[in-house]
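First up is the structure itself, then whatever we jot down about it.
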Amino acid sequence: MGKFMDFVKLFKQGSWIKSAKKFVGDNSKLSALALEAMRYAKEKKSLDDVKDDILLLCNYVKDIATGRYKGYKTWNLTVIIAALLYIISPVDVIPDFLVGGFVDDIGIIAWALGKMSSELDAYKRSMLSY
């Protein structure tokens, strides 16, 4: 658990949230990020265990960008954007080209899912009506 919390601490201290704030309200940036993160998750075999979770986050962002989902909180969107930016970035706590380089990415996705669970549950419920 200690290493996991180290990843989260470094993530929260980094520029990820600040970068994510630049995406909020820019639907073209949000759509592009969702598509890039979807592509990335599908290509990287090391992320197979969390691929469905990443795709959920991508769909959440995409549905906000297209106006399909409106019941979101800006801060929660910002955290999810930051997590997606983190996983697609080649520069993070453990570079992806190293053995075990996706451990931090998986940890950040797990943390974001946990922190945003009520937001994502509301999103999934609202999408049932579509």
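Ligands are numbered from 1 in the order shown, residues from 1 within each chain, and chains are lettered A, B, ... in the order they appear in the structure tokens.
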>> Taking 2 positions as the minimum chain separation for residues in the same chain, which residues sit within 12 Å of Asp49 of chain A when counting only C-alpha atoms? Answer as a count of residues only.
In response: 18
Polymer residues at most 10 Å from segment 71-82 of chain A, only C-alpha atoms, same-chain spacing of 3 or more positions, as a PDB file with C-alpha atoms, in the first residue's frame:
ATOM      1  CA  PHE A  11       0.418  12.488  -8.953  1.00  0.00           C
ATOM      2  CA  LYS A  12      -1.354  14.997  -6.723  1.00  0.00           C
ATOM      3  CA  SER A  15       1.083  19.264 -12.761  1.00  0.00           C
ATOM      4  CA  TRP A  16      -1.631  16.795 -13.785  1.00  0.00           C
ATOM      5  CA  ILE A  17      -4.550  18.636 -12.157  1.00  0.00           C
ATOM      6  CA  LYS A  18      -3.325  21.984 -13.461  1.00  0.00           C
ATOM      7  CA  SER A  19      -3.060  20.540 -16.979  1.00  0.00           C
ATOM      8  CA  ALA A  20      -6.480  18.905 -16.660  1.00  0.00           C
ATOM      9  CA  LYS A  21      -8.138  22.214 -15.792  1.00  0.00           C
ATOM     10  CA  LYS A  22      -7.191  23.464 -19.268  1.00  0.00           C
ATOM     11  CA  PHE A  23      -9.389  20.748 -20.790  1.00  0.00           C
ATOM     12  CA  VAL A  24     -12.542  21.548 -18.808  1.00  0.00           C
ATOM     13  CA  GLY A  25     -15.032  23.333 -21.038  1.00  0.00           C
ATOM     14  CA  LEU A  30     -12.045  16.448 -24.189  1.00  0.00           C
ATOM     15  CA  LEU A  33      -8.291  13.037 -25.001  1.00  0.00           C
ATOM     16  CA  ALA A  34     -11.019  10.397 -24.719  1.00  0.00           C
ATOM     17  CA  ILE A  54     -10.079   3.179 -18.524  1.00  0.00           C
ATOM     18  CA  LEU A  57     -13.413   6.990 -17.807  1.00  0.00           C
ATOM     19  CA  CYS A  58     -12.997   7.699 -21.524  1.00  0.00           C
ATOM     20  CA  TYR A  60     -17.505   9.558 -19.264  1.00  0.00           C
ATOM     21  CA  VAL A  61     -15.267  12.286 -20.724  1.00  0.00           C
ATOM     22  CA  ILE A  64     -19.535  15.172 -21.321  1.00  0.00           C
ATOM     23  CA  GLY A  67     -23.350  16.944 -24.152  1.00  0.00           C
ATOM     24  CA  ARG A  68     -24.828  13.502 -23.620  1.00  0.00           C
ATOM     25  CA  LEU A  85      -3.542  12.505 -19.095  1.00  0.00           C
ATOM     26  CA  TYR A  86      -1.267  10.644 -16.703  1.00  0.00           C
ATOM     27  CA  ILE A  87      -1.702   7.244 -18.303  1.00  0.00           C
ATOM     28  CA  ILE A 108      -3.623   6.102 -10.577  1.00  0.00           C
ATOM     29  CA  ILE A 109      -6.604   4.597 -12.422  1.00  0.00           C
ATOM     30  CA  ALA A 112      -9.338   7.818  -9.538  1.00  0.00           C
ATOM     31  CA  LEU A 113     -12.023   5.120  -9.720  1.00  0.00           C
ATOM     32  CA  LYS A 115     -12.288   8.737  -5.451  1.00  0.00           C
ATOM     33  CA  MET A 116     -14.865   9.238  -8.192  1.00  0.00           C
ATOM     34  CA  SER A 117     -16.995   6.141  -7.534  1.00  0.00           C
ATOM     35  CA  SER A 118     -20.179   8.064  -6.686  1.00  0.00           C
ATOM     36  CA  GLU A 119     -19.727  10.301  -9.749  1.00  0.00           C
ATOM     37  CA  LEU A 120     -19.172   7.296 -12.000  1.00  0.00           C
ATOM     38  CA  ALA A 122     -24.369   8.445 -11.257  1.00  0.00           C
ATOM     39  CA  TYR A 123     -22.971   8.532 -14.785  1.00  0.00           C
ATOM     40  CA  SER A 126     -27.926   8.101 -16.292  1.00  0.00           C
TER      41      SER A 126
END
